[in-house]
file protein.tsv (TSV, C-alpha atoms)
chain	number	residue	atom	x	y	z
A	113	MET	CA	44.26	109.95	132.18
A	114	HIS	CA	45.25	113.09	130.34
A	115	ARG	CA	48.96	112.45	130.98
A	116	CYS	CA	48.58	108.79	130.07
A	117	GLY	CA	46.85	109.68	126.81
A	118	ALA	CA	49.57	112.18	125.94
A	119	PHE	CA	52.22	109.59	126.64
A	120	PHE	CA	50.63	107.00	124.36
A	121	CYS	CA	50.14	109.67	121.72
A	122	PHE	CA	53.88	110.46	121.93
A	123	ILE	CA	54.74	106.76	121.62
A	124	PHE	CA	52.44	106.43	118.60
A	125	VAL	CA	54.07	109.39	116.85
A	126	GLU	CA	57.58	108.09	117.55
A	127	MET	CA	56.69	104.61	116.29
A	128	LYS	CA	55.19	106.16	113.18
A	129	ASN	CA	58.40	108.14	112.56
A	130	ILE	CA	60.51	105.00	113.03
A	131	ILE	CA	58.34	103.03	110.60
A	132	ILE	CA	58.58	105.82	108.01
A	133	PHE	CA	62.37	105.98	108.51
A	134	LEU	CA	62.74	102.22	108.06
A	135	PHE	CA	60.47	102.34	105.02
A	136	LEU	CA	62.64	105.02	103.42
A	137	ILE	CA	65.79	103.00	104.07
A	138	LEU	CA	64.14	99.93	102.53
A	139	CYS	CA	63.03	101.93	99.50
A	140	ARG	CA	66.48	103.41	99.09
A	141	THR	CA	68.11	99.98	99.34
A	142	SER	CA	65.67	98.50	96.83
A	143	PHE	CA	66.24	101.43	94.49
A	144	SER	CA	70.00	101.01	94.76
A	145	GLN	CA	69.70	97.30	94.03
A	146	ALA	CA	67.49	98.07	91.03
A	147	GLN	CA	70.11	100.52	89.82
A	148	PHE	CA	72.97	98.00	89.74
A	149	ILE	CA	70.74	95.66	87.73
A	150	GLN	CA	69.93	98.55	85.38
A	151	TYR	CA	73.63	99.29	85.04
A	152	TYR	CA	74.63	95.79	83.95
A	153	SER	CA	71.57	95.43	81.71
A	154	ASN	CA	72.30	98.67	79.85
A	155	ILE	CA	76.02	97.95	79.49
A	156	ASN	CA	75.22	94.51	78.04
A	157	LEU	CA	72.66	96.03	75.69
A	158	ALA	CA	75.14	98.72	74.62
A	159	GLN	CA	77.64	96.00	73.78
A	160	HIS	CA	74.96	94.14	71.80
A	161	TYR	CA	74.14	97.25	69.75
A	162	PHE	CA	77.84	97.99	69.20
A	163	ILE	CA	78.36	94.49	67.80
A	164	ASP	CA	75.45	95.11	65.42
A	165	LYS	CA	76.93	98.50	64.44
A	166	GLN	CA	73.95	100.38	65.88
A	167	TYR	CA	76.17	103.01	67.49
A	168	PHE	CA	73.51	105.59	68.38
A	169	LYS	CA	71.46	102.96	70.23
A	170	ALA	CA	74.60	101.79	72.00
A	171	ASP	CA	75.35	105.34	73.11
A	172	SER	CA	71.81	105.74	74.48
A	173	CYS	CA	72.36	102.66	76.66
A	174	TYR	CA	75.71	103.97	77.89
A	175	LYS	CA	74.08	107.28	78.82
A	176	VAL	CA	71.38	105.51	80.85
A	177	ALA	CA	73.98	103.38	82.68
A	178	PHE	CA	76.27	106.30	83.53
A	179	ALA	CA	73.36	108.50	84.68
A	180	LEU	CA	72.45	106.16	87.57
A	181	ASP	CA	73.21	108.21	90.67
A	182	SER	CA	74.15	105.37	93.04
A	183	ILE	CA	76.48	103.63	90.57
A	184	ARG	CA	80.09	104.58	90.02
A	185	GLY	CA	80.64	102.54	86.87
A	186	PHE	CA	83.66	100.66	85.52
A	187	ASN	CA	86.36	102.63	83.72
A	188	GLN	CA	86.50	100.01	80.95
A	189	ASP	CA	82.82	100.64	80.20
A	190	TYR	CA	83.56	104.36	79.84
A	191	LEU	CA	86.39	103.47	77.48
A	192	CYS	CA	84.05	101.31	75.38
A	193	ALA	CA	81.58	104.20	75.31
A	194	ALA	CA	84.38	106.52	74.13
A	195	SER	CA	85.26	104.11	71.32
A	196	ASN	CA	81.60	103.85	70.33
A	197	SER	CA	81.29	107.65	70.23
A	198	LEU	CA	83.95	107.81	67.52
A	199	TYR	CA	81.55	106.06	65.16
A	200	ILE	CA	78.86	108.69	65.71
A	201	LYS	CA	81.47	111.44	65.15
A	202	ASP	CA	80.88	113.30	68.40
A	203	ALA	CA	84.29	114.48	69.64
A	204	ALA	CA	82.80	116.37	72.59
A	205	LEU	CA	81.06	113.22	73.78
A	206	THR	CA	84.27	111.22	73.36
A	207	LYS	CA	86.04	113.66	75.68
A	208	VAL	CA	83.25	113.36	78.27
A	209	TYR	CA	83.65	109.59	78.33
A	210	LEU	CA	87.45	109.79	78.47
A	211	TYR	CA	87.20	112.10	81.46
A	212	GLY	CA	84.79	109.68	83.13
A	213	TYR	CA	87.29	106.91	82.40
A	214	ALA	CA	90.07	108.85	84.15
A	215	LYS	CA	87.87	109.65	87.16
A	216	ARG	CA	87.45	105.92	87.70
A	217	GLY	CA	91.11	105.02	87.52
A	218	GLY	CA	91.74	104.82	83.80
A	219	ASN	CA	95.14	105.93	82.54
A	220	TYR	CA	96.82	106.48	79.19
A	221	LYS	CA	98.17	102.93	78.81
A	222	LYS	CA	94.82	101.52	77.73
A	223	ILE	CA	93.97	104.52	75.54
A	224	LYS	CA	97.20	103.90	73.65
A	225	THR	CA	96.24	100.28	72.88
A	226	ARG	CA	92.63	101.10	71.98
A	227	ARG	CA	92.21	101.17	68.22
A	228	VAL	CA	89.00	101.71	66.30
A	229	LYS	CA	89.20	100.39	62.74
A	230	GLY	CA	88.92	103.13	60.15
A	231	LYS	CA	88.39	105.85	62.75
A	232	THR	CA	90.42	108.40	64.66
A	233	THR	CA	92.20	106.69	67.52
A	234	LEU	CA	91.42	107.70	71.09
A	235	ASP	CA	95.04	108.53	71.83
A	236	SER	CA	95.12	111.09	69.01
A	237	ILE	CA	92.18	112.90	70.61
A	238	PHE	CA	93.93	112.62	73.97
A	239	PHE	CA	97.11	114.29	72.66
A	240	LYS	CA	95.37	116.99	70.65
A	241	ASP	CA	93.52	118.40	73.66
A	242	LYS	CA	95.91	119.71	76.32
A	243	VAL	CA	93.05	120.77	78.59
A	244	LEU	CA	91.57	117.28	78.49
A	245	ARG	CA	94.97	115.71	79.24
A	246	LYS	CA	95.41	117.92	82.27
A	247	ARG	CA	91.89	117.27	83.57
A	248	MET	CA	92.33	113.52	83.13
A	249	SER	CA	95.71	113.60	84.89
A	250	VAL	CA	94.25	115.46	87.87
A	251	ALA	CA	91.22	113.13	88.00
A	252	PHE	CA	93.45	110.05	87.93
A	253	LYS	CA	95.62	111.36	90.77
A	254	GLU	CA	92.52	112.16	92.85
A	255	TYR	CA	91.21	108.68	92.20
A	256	LYS	CA	94.40	107.05	93.47
A	257	LYS	CA	94.06	108.98	96.75
A	258	THR	CA	90.76	107.20	97.45
A	259	LEU	CA	92.32	103.74	97.36
A	260	ASN	CA	93.47	101.70	100.35
A	261	LYS	CA	97.27	101.43	100.13
A	262	LYS	CA	97.40	98.82	102.88
A	263	VAL	CA	95.04	96.47	101.04
A	264	ILE	CA	96.82	97.12	97.72
A	265	SER	CA	100.12	96.10	99.31
A	266	LYS	CA	98.62	92.93	100.82
A	267	ILE	CA	97.01	91.84	97.56
A	268	ARG	CA	100.19	92.53	95.61
A	269	HIS	CA	102.19	90.42	98.05
A	270	ILE	CA	99.72	87.50	97.75
A	271	VAL	CA	99.77	87.70	93.94
A	272	ILE	CA	103.58	87.66	93.78
A	273	ARG	CA	103.75	84.65	96.10
A	274	ASP	CA	101.01	82.94	94.07
A	275	GLN	CA	102.92	83.39	90.82
A	276	MET	CA	106.28	82.36	92.29
A	277	ALA	CA	104.69	79.03	93.26
A	278	ARG	CA	103.76	78.42	89.61
A	279	VAL	CA	106.41	79.92	87.35
A	280	GLY	CA	110.20	80.19	87.19
A	281	PRO	CA	112.54	77.80	89.05
A	282	VAL	CA	109.59	75.91	90.58
A	283	ASN	CA	108.85	74.44	87.15
A	284	LEU	CA	112.17	72.59	87.23
A	285	LEU	CA	111.03	70.51	90.20
A	286	PRO	CA	109.17	67.16	89.91
A	287	TRP	CA	105.41	67.64	89.47
A	288	LYS	CA	104.53	66.12	92.87
A	289	ILE	CA	106.75	68.67	94.63
A	290	GLN	CA	105.36	71.51	92.51
A	291	ARG	CA	101.85	70.44	93.46
A	292	LYS	CA	102.66	70.40	97.18
A	293	ILE	CA	104.15	73.90	96.96
A	294	MET	CA	101.07	75.25	95.14
A	295	ILE	CA	98.65	73.67	97.62
A	296	LYS	CA	100.59	75.09	100.57
A	297	VAL	CA	100.72	78.57	99.03
A	298	ASP	CA	97.02	78.50	98.08
A	299	LYS	CA	95.97	77.53	101.62
A	300	ARG	CA	97.91	80.49	102.98
A	301	SER	CA	96.45	82.78	100.32
A	302	ILE	CA	92.83	81.87	101.09
A	303	LYS	CA	93.36	82.56	104.79
A	304	GLU	CA	94.89	85.97	104.12
A	305	LEU	CA	92.23	86.84	101.54
A	306	LEU	CA	89.43	85.92	103.95
A	307	LEU	CA	90.98	88.12	106.63
A	308	ILE	CA	91.00	91.04	104.19
A	309	CYS	CA	87.36	90.35	103.30
A	310	GLU	CA	86.31	90.19	106.96
A	311	GLN	CA	88.00	93.52	107.66
A	312	TYR	CA	87.36	95.52	104.48
A	313	GLY	CA	85.02	93.50	102.28
A	314	TRP	CA	86.06	92.08	98.92
A	315	PRO	CA	89.21	93.85	97.60
A	316	GLY	CA	87.39	95.34	94.65
A	317	TYR	CA	87.99	98.51	92.67
A	318	ASN	CA	86.84	100.77	95.51
A	319	LEU	CA	89.80	99.45	97.54
A	320	ILE	CA	92.60	98.48	95.15
A	321	GLY	CA	91.58	100.24	91.92
A	322	GLU	CA	90.58	99.13	88.45
A	323	PHE	CA	93.88	98.97	86.58
A	324	ARG	CA	93.39	96.81	83.50
A	325	PRO	CA	95.68	97.86	80.65
A	326	TRP	CA	94.52	94.88	78.55
A	327	GLY	CA	90.77	95.41	78.93
A	328	LYS	CA	87.88	94.26	81.09
A	329	SER	CA	88.36	90.59	80.20
A	330	SER	CA	91.94	90.52	81.51
A	331	ILE	CA	92.66	89.07	84.93
A	332	ASN	CA	94.73	90.86	87.54
A	333	GLY	CA	95.10	91.27	91.32
A	334	ALA	CA	92.59	89.40	93.48
A	335	ASP	CA	90.86	88.09	90.34
A	336	LEU	CA	94.02	86.15	89.48
A	337	ILE	CA	94.40	84.61	92.94
A	338	ILE	CA	90.92	83.08	93.08
A	339	ARG	CA	91.44	81.22	89.79
A	340	HIS	CA	93.67	78.80	91.68
A	341	PHE	CA	91.22	77.95	94.47
A	342	PRO	CA	89.05	74.80	94.53
A	343	MET	CA	85.26	75.19	94.75
A	344	GLU	CA	85.19	74.88	98.55
A	345	GLU	CA	87.36	77.98	98.94
A	346	LEU	CA	85.42	79.88	96.29
A	347	LYS	CA	82.23	79.21	98.23
A	348	GLU	CA	83.77	80.88	101.29
A	349	LEU	CA	84.46	84.02	99.22
A	350	GLU	CA	81.22	84.02	97.24
A	351	THR	CA	79.22	86.28	99.59
A	352	TYR	CA	81.94	88.94	99.62
A	353	VAL	CA	82.41	88.84	95.84
A	354	PHE	CA	78.68	89.02	95.10
A	355	GLU	CA	78.31	92.05	97.35
A	356	ALA	CA	81.14	93.76	95.45
A	357	ILE	CA	79.49	92.88	92.13
A	358	LYS	CA	76.24	94.45	93.34
A	359	GLN	CA	78.17	97.58	94.33
A	360	VAL	CA	79.77	97.60	90.84
A	361	ASN	CA	83.20	97.15	92.42
A	362	GLU	CA	84.00	93.83	90.75
A	363	TYR	CA	83.34	92.49	87.27
A	364	PRO	CA	80.86	89.59	87.17
A	365	LEU	CA	83.09	88.21	84.40
A	366	ALA	CA	86.05	87.91	86.79
A	367	TRP	CA	84.08	85.70	89.17
A	368	ALA	CA	82.58	83.67	86.31
A	369	LYS	CA	86.07	82.99	84.92
A	370	ALA	CA	87.31	81.79	88.31
A	371	VAL	CA	84.38	79.36	88.61
A	372	ASP	CA	84.84	78.10	85.03
A	373	TYR	CA	88.57	77.73	85.57
A	374	CYS	CA	87.80	75.57	88.60
A	375	TYR	CA	85.29	73.45	86.65
A	376	LEU	CA	87.81	72.79	83.88
A	377	GLY	CA	90.64	72.15	86.32
A	378	PHE	CA	88.64	69.33	87.90
A	379	PRO	CA	86.76	67.63	85.02
A	380	PHE	CA	84.18	64.94	85.64
A	381	CYS	CA	86.02	61.62	85.59
A	382	LYS	CA	84.32	58.30	84.86
A	383	GLU	CA	84.91	55.24	87.02
A	384	ASP	CA	87.34	53.67	84.57
A	385	SER	CA	89.58	56.80	84.76
A	386	ILE	CA	89.74	56.81	80.99
A	387	LYS	CA	86.96	59.21	80.09
A	388	PHE	CA	87.10	62.83	81.27
A	389	VAL	CA	84.23	65.26	80.64
A	390	PHE	CA	84.96	69.00	80.46
A	391	ALA	CA	82.18	71.54	80.96
A	392	GLN	CA	82.05	75.18	82.10
A	393	LYS	CA	79.27	76.80	84.11
A	394	TYR	CA	79.27	80.27	82.51
A	395	GLY	CA	81.09	79.57	79.24
A	396	THR	CA	83.68	82.34	79.71
A	397	LEU	CA	86.92	80.56	78.82
A	398	LEU	CA	88.26	80.39	75.27
A	399	SER	CA	90.66	78.07	73.50
A	400	HIS	CA	92.01	77.22	70.06
A	401	GLY	CA	89.59	74.88	68.36
A	402	SER	CA	92.33	72.28	67.83
A	403	MET	CA	92.18	71.47	71.54
A	404	PHE	CA	88.66	70.07	71.21
A	405	SER	CA	88.19	69.19	67.57
A	406	GLU	CA	90.08	67.77	64.58
A	407	ASP	CA	87.66	69.53	62.22
A	408	THR	CA	89.81	71.95	60.17
A	409	ALA	CA	86.91	74.42	60.04
A	410	ILE	CA	87.12	74.71	63.82
A	411	ALA	CA	90.72	73.81	64.69
A	412	ASN	CA	92.21	77.10	63.48
A	413	LYS	CA	89.64	79.34	65.19
A	414	ILE	CA	88.95	80.57	68.70
A	415	LEU	CA	86.35	78.42	70.38
A	416	ILE	CA	84.36	78.72	73.60
A	417	ILE	CA	85.42	75.71	75.67
A	418	PRO	CA	82.31	73.46	75.90
A	419	PHE	CA	79.84	74.46	78.57
A	420	GLY	CA	76.50	72.61	78.28
A	421	LYS	CA	73.17	73.59	76.75
A	422	ILE	CA	72.91	77.18	75.53
A	423	GLU	CA	69.62	77.86	77.34
A	424	GLU	CA	71.06	76.59	80.61
A	425	VAL	CA	74.30	78.59	80.40
A	426	ASN	CA	72.37	81.73	79.44
A	427	LYS	CA	70.15	81.29	82.48
A	428	VAL	CA	73.08	81.25	84.93
A	429	ARG	CA	74.84	84.03	83.00
A	430	LYS	CA	71.76	86.23	83.40
A	431	GLU	CA	71.71	85.52	87.15
A	432	LEU	CA	75.28	86.87	87.27
A	433	PHE	CA	74.36	89.92	85.11
A	434	LEU	CA	76.36	88.67	82.12
A	435	GLU	CA	75.36	89.09	78.49
A	436	PRO	CA	74.00	86.09	76.48
A	437	ILE	CA	76.66	83.62	75.37
A	438	GLU	CA	75.96	84.46	71.71
A	439	ASP	CA	76.93	88.13	72.23
A	440	TYR	CA	79.96	87.08	74.28
A	441	CYS	CA	81.20	84.98	71.34
A	442	LYS	CA	80.70	87.82	68.87
A	443	TRP	CA	82.50	90.29	71.16
A	444	TYR	CA	85.60	88.06	71.31
A	445	ASN	CA	85.30	86.77	67.73
A	446	ALA	CA	84.87	83.20	68.95
A	447	ILE	CA	82.59	80.40	67.80
A	448	LEU	CA	80.19	78.28	69.80
A	449	PRO	CA	81.02	74.56	69.99
A	450	LYS	CA	78.85	72.15	68.04
A	451	GLU	CA	78.47	69.90	71.06
A	452	GLU	CA	77.59	70.58	74.69
A	453	LYS	CA	80.73	69.12	76.27
A	454	GLY	CA	84.29	68.11	75.51
A	455	ILE	CA	85.34	64.53	76.22
A	456	GLN	CA	88.94	63.42	76.58
A	457	TYR	CA	89.94	59.78	76.30
A	458	LYS	CA	93.19	58.23	77.43
A	459	ASN	CA	94.87	55.61	75.31
A	460	LYS	CA	98.28	53.96	75.07
A	461	LYS	CA	99.51	56.52	72.58
A	462	GLY	CA	98.63	59.47	74.84
A	463	ASN	CA	95.71	61.80	75.32
A	464	TYR	CA	93.40	63.09	72.64
A	465	THR	CA	90.14	64.98	72.76
A	466	VAL	CA	86.97	64.46	70.75
A	467	TYR	CA	83.33	65.44	71.04

call {"tool": "encode", "arguments": {"input": "protein.tsv", "output": "structure tokens"}}
result
Amino acid sequence: MHRCGAFFCFIFVEMKNIIIFLFLILCRTSFSQAQFIQYYSNINLAQHYFIDKQYFKADSCYKVAFALDSIRGFNQDYLCAASNSLYIKDAALTKVYLYGYAKRGGNYKKIKTRRVKGKTTLDSIFFKDKVLRKRMSVAFKEYKKTLNKKVISKIRHIVIRDQMARVGPVNLLPWKIQRKIMIKVDKRSIKELLLICEQYGWPGYNLIGEFRPWGKSSINGADLIIRHFPMEELKELETYVFEAIKQVNEYPLAWAKAVDYCYLGFPFCKEDSIKFVFAQKYGTLLSHGSMFSEDTAIANKILIIPFGKIEEVNKVRKELFLEPIEDYCKWYNAILPKEEKGIQYKNKKGNYTVY
């Protein structure tokens, strides 16, 4: 009985240790998940304060986001933080953010194009400080070593093939032939992209790097490829992309733009094939107002392509960790449409669009 009791005591202790271990893993996972939500929330809030010219509040939000220990952070967010710091006249802080930008794959190309109205430009600070330049150069080189060259090469090859099916000599062919070529190329692309995802996960910035010389809203690499897939193919990739978003290895905006691009590429068509209804899901895509309105007050401005009710689009945007549509419009100097959807009618004279 003594031996039996000791045995059961041993089993109890081991089970207790296992339960504690699993509990700690669960807590760590939950904490990590909470941190990525905190990251996006604080970045969105920083952007909101920047728009309202509350630069000190914006900087406080950036500090909270970058202090999260399980989050790497996007280099474009560090660059925005650096621009914001110019308004609070803290050169030392600007250099800290520029260094963080370089550590996450940021290079001089974007600094050169970043201008802050009425303030010292970031590139002037970059050139004045030789020590900073050297540190940023070393950090950028170290960052490139962490990337997967094999995946980079595969993605680059898919992108080149994708573009060759849509631009250049292909455009001289009849539309039906162009369409067949694009469909064939896209089917091959989705297969190759899924194989990459199955082996490595989504080809996000941890694998291929965050190189965006034209800012966080620009589309490049794998983000460009998925814009040409129908919804069925996007659904196959969704799990991989969402995991990368939660790891802060892919911009939520990139996925939202791909979905919206798909929605607009296949508008709702009425039975008579005369009336076409255009509507986005996330409201990320912009256009010249003349495309959707003859109103001169709108026609010459940048407009969010119609998307549906504001409360509904803000709900799905929040689920994808995006800022409210109102802040998005202010950030890109665009206006919200007066109506919820764009409707295009066909007539004998051609196509025209009205609300």

call {"tool": "residues_near_point", "arguments": {"input": "protein.tsv", "point": "(88.9, 111.7, 82.0)", "cutoff": "10 Å", "atoms": "all atoms listed in the file", "output": "list in words"}}
result
Asn187, Tyr190, Leu191, Thr206, Lys207, Val208, Tyr209, Leu210, Tyr211, Gly212, Tyr213, Ala214, Lys215, Arg216, Gly217, Gly218, Asn219, Tyr220, Phe238, Leu244, Arg245, Lys246, Arg247, Met248, Ser249, Val250, Ala251 and Phe252 of chain A

call {"tool": "residues_around", "arguments": {"input": "protein.tsv", "residues": "range 256-259 of chain A", "least_positions_apart": "5", "cutoff": "7 Å", "atoms": "all atoms listed in the file", "output": "PyMOL selection string"}}
result
chain A and resi 318-321

call {"tool": "atom_distance", "arguments": {"input": "protein.tsv", "atom1": "CA of Ile437 in chain A", "atom2": "CA of Glu350 in chain A"}}
result
22.3 Å

call {"tool": "atom_distance", "arguments": {"input": "protein.tsv", "atom1": "CA of Glu438 in chain A", "atom2": "CA of Asn361 in chain A"}}
result
25.3 Å

call {"tool": "atom_distance", "arguments": {"input": "protein.tsv", "atom1": "CA of Leu365 in chain A", "atom2": "CA of Leu448 in chain A"}}
result
17.9 Å

call {"tool": "build_atoms", "arguments": {"input": "protein.tsv", "residues": "range 345-355 of chain A", "atoms": "all heavy atoms", "output": "PDB file, keeping the file's coordinate frame"}}
result
ATOM      1  N   GLU A 345      86.842  76.667  98.571  1.00  0.00           N
ATOM      2  CA  GLU A 345      87.360  77.980  98.940  1.00  0.00           C
ATOM      3  C   GLU A 345      86.592  79.109  98.249  1.00  0.00           C
ATOM      4  O   GLU A 345      86.347  80.159  98.834  1.00  0.00           O
ATOM      5  CB  GLU A 345      88.855  78.087  98.594  1.00  0.00           C
ATOM      6  CG  GLU A 345      89.801  77.558  99.662  1.00  0.00           C
ATOM      7  CD  GLU A 345      89.804  76.031  99.733  1.00  0.00           C
ATOM      8  OE1 GLU A 345      89.294  75.391  98.795  1.00  0.00           O
ATOM      9  OE2 GLU A 345      90.299  75.485 100.733  1.00  0.00           O
ATOM     10  N   LEU A 346      86.203  78.868  96.999  1.00  0.00           N
ATOM     11  CA  LEU A 346      85.420  79.880  96.290  1.00  0.00           C
ATOM     12  C   LEU A 346      84.087  80.122  96.981  1.00  0.00           C
ATOM     13  O   LEU A 346      83.599  81.259  97.029  1.00  0.00           O
ATOM     14  CB  LEU A 346      85.187  79.438  94.834  1.00  0.00           C
ATOM     15  CG  LEU A 346      86.407  79.452  93.906  1.00  0.00           C
ATOM     16  CD1 LEU A 346      86.029  78.957  92.523  1.00  0.00           C
ATOM     17  CD2 LEU A 346      87.023  80.841  93.819  1.00  0.00           C
ATOM     18  N   LYS A 347      83.495  79.067  97.513  1.00  0.00           N
ATOM     19  CA  LYS A 347      82.230  79.210  98.230  1.00  0.00           C
ATOM     20  C   LYS A 347      82.372  80.113  99.448  1.00  0.00           C
ATOM     21  O   LYS A 347      81.459  80.860  99.798  1.00  0.00           O
ATOM     22  CB  LYS A 347      81.726  77.829  98.667  1.00  0.00           C
ATOM     23  CG  LYS A 347      81.095  77.015  97.544  1.00  0.00           C
ATOM     24  CD  LYS A 347      79.767  77.617  97.114  1.00  0.00           C
ATOM     25  CE  LYS A 347      79.109  76.793  96.019  1.00  0.00           C
ATOM     26  NZ  LYS A 347      77.856  77.444  95.537  1.00  0.00           N
ATOM     27  N   GLU A 348      83.530  80.037 100.118  1.00  0.00           N
ATOM     28  CA  GLU A 348      83.770  80.880 101.290  1.00  0.00           C
ATOM     29  C   GLU A 348      83.844  82.364 100.908  1.00  0.00           C
ATOM     30  O   GLU A 348      83.496  83.241 101.694  1.00  0.00           O
ATOM     31  CB  GLU A 348      85.076  80.466 101.980  1.00  0.00           C
ATOM     32  CG  GLU A 348      85.032  79.107 102.643  1.00  0.00           C
ATOM     33  CD  GLU A 348      86.309  78.825 103.438  1.00  0.00           C
ATOM     34  OE1 GLU A 348      86.532  79.499 104.458  1.00  0.00           O
ATOM     35  OE2 GLU A 348      87.086  77.945 103.016  1.00  0.00           O
ATOM     36  N   LEU A 349      84.303  82.637  99.683  1.00  0.00           N
ATOM     37  CA  LEU A 349      84.460  84.020  99.220  1.00  0.00           C
ATOM     38  C   LEU A 349      83.231  84.552  98.504  1.00  0.00           C
ATOM     39  O   LEU A 349      83.102  85.763  98.296  1.00  0.00           O
ATOM     40  CB  LEU A 349      85.660  84.104  98.269  1.00  0.00           C
ATOM     41  CG  LEU A 349      87.037  83.821  98.853  1.00  0.00           C
ATOM     42  CD1 LEU A 349      88.042  83.624  97.727  1.00  0.00           C
ATOM     43  CD2 LEU A 349      87.484  84.954  99.779  1.00  0.00           C
ATOM     44  N   GLU A 350      82.339  83.665  98.122  1.00  0.00           N
ATOM     45  CA  GLU A 350      81.220  84.020  97.240  1.00  0.00           C
ATOM     46  C   GLU A 350      80.393  85.200  97.752  1.00  0.00           C
ATOM     47  O   GLU A 350      80.086  86.124  96.986  1.00  0.00           O
ATOM     48  CB  GLU A 350      80.311  82.799  97.056  1.00  0.00           C
ATOM     49  CG  GLU A 350      79.241  82.987  96.007  1.00  0.00           C
ATOM     50  CD  GLU A 350      78.448  81.706  95.783  1.00  0.00           C
ATOM     51  OE1 GLU A 350      78.025  81.088  96.791  1.00  0.00           O
ATOM     52  OE2 GLU A 350      78.260  81.326  94.624  1.00  0.00           O
ATOM     53  N   THR A 351      80.048  85.212  99.033  1.00  0.00           N
ATOM     54  CA  THR A 351      79.220  86.280  99.590  1.00  0.00           C
ATOM     55  C   THR A 351      79.898  87.640  99.443  1.00  0.00           C
ATOM     56  O   THR A 351      79.257  88.631  99.068  1.00  0.00           O
ATOM     57  CB  THR A 351      78.925  86.025 101.081  1.00  0.00           C
ATOM     58  OG1 THR A 351      78.270  84.762 101.218  1.00  0.00           O
ATOM     59  CG2 THR A 351      78.018  87.118 101.648  1.00  0.00           C
ATOM     60  N   TYR A 352      81.187  87.686  99.717  1.00  0.00           N
ATOM     61  CA  TYR A 352      81.940  88.940  99.620  1.00  0.00           C
ATOM     62  C   TYR A 352      82.018  89.422  98.169  1.00  0.00           C
ATOM     63  O   TYR A 352      81.842  90.615  97.882  1.00  0.00           O
ATOM     64  CB  TYR A 352      83.355  88.756 100.175  1.00  0.00           C
ATOM     65  CG  TYR A 352      83.411  88.374 101.627  1.00  0.00           C
ATOM     66  CD1 TYR A 352      83.770  87.083 102.024  1.00  0.00           C
ATOM     67  CD2 TYR A 352      83.126  89.313 102.624  1.00  0.00           C
ATOM     68  CE1 TYR A 352      83.834  86.730 103.365  1.00  0.00           C
ATOM     69  CE2 TYR A 352      83.184  88.966 103.976  1.00  0.00           C
ATOM     70  CZ  TYR A 352      83.540  87.676 104.340  1.00  0.00           C
ATOM     71  OH  TYR A 352      83.594  87.330 105.664  1.00  0.00           O
ATOM     72  N   VAL A 353      82.274  88.483  97.254  1.00  0.00           N
ATOM     73  CA  VAL A 353      82.410  88.840  95.840  1.00  0.00           C
ATOM     74  C   VAL A 353      81.075  89.329  95.281  1.00  0.00           C
ATOM     75  O   VAL A 353      81.015  90.343  94.574  1.00  0.00           O
ATOM     76  CB  VAL A 353      82.920  87.649  95.009  1.00  0.00           C
ATOM     77  CG1 VAL A 353      82.958  88.001  93.527  1.00  0.00           C
ATOM     78  CG2 VAL A 353      84.308  87.230  95.478  1.00  0.00           C
ATOM     79  N   PHE A 354      79.989  88.638  95.607  1.00  0.00           N
ATOM     80  CA  PHE A 354      78.680  89.020  95.100  1.00  0.00           C
ATOM     81  C   PHE A 354      78.264  90.403  95.601  1.00  0.00           C
ATOM     82  O   PHE A 354      77.618  91.170  94.876  1.00  0.00           O
ATOM     83  CB  PHE A 354      77.636  87.975  95.491  1.00  0.00           C
ATOM     84  CG  PHE A 354      77.526  86.848  94.503  1.00  0.00           C
ATOM     85  CD1 PHE A 354      78.670  86.244  93.988  1.00  0.00           C
ATOM     86  CD2 PHE A 354      76.297  86.387  94.067  1.00  0.00           C
ATOM     87  CE1 PHE A 354      78.594  85.214  93.070  1.00  0.00           C
ATOM     88  CE2 PHE A 354      76.203  85.355  93.144  1.00  0.00           C
ATOM     89  CZ  PHE A 354      77.348  84.761  92.646  1.00  0.00           C
ATOM     90  N   GLU A 355      78.621  90.714  96.820  1.00  0.00           N
ATOM     91  CA  GLU A 355      78.310  92.050  97.350  1.00  0.00           C
ATOM     92  C   GLU A 355      79.080  93.115  96.569  1.00  0.00           C
ATOM     93  O   GLU A 355      78.543  94.180  96.255  1.00  0.00           O
ATOM     94  CB  GLU A 355      78.682  92.121  98.835  1.00  0.00           C
ATOM     95  CG  GLU A 355      78.297  93.429  99.516  1.00  0.00           C
ATOM     96  CD  GLU A 355      76.810  93.731  99.447  1.00  0.00           C
ATOM     97  OE1 GLU A 355      76.002  92.789  99.449  1.00  0.00           O
ATOM     98  OE2 GLU A 355      76.457  94.941  99.387  1.00  0.00           O
TER      99      GLU A 355
END
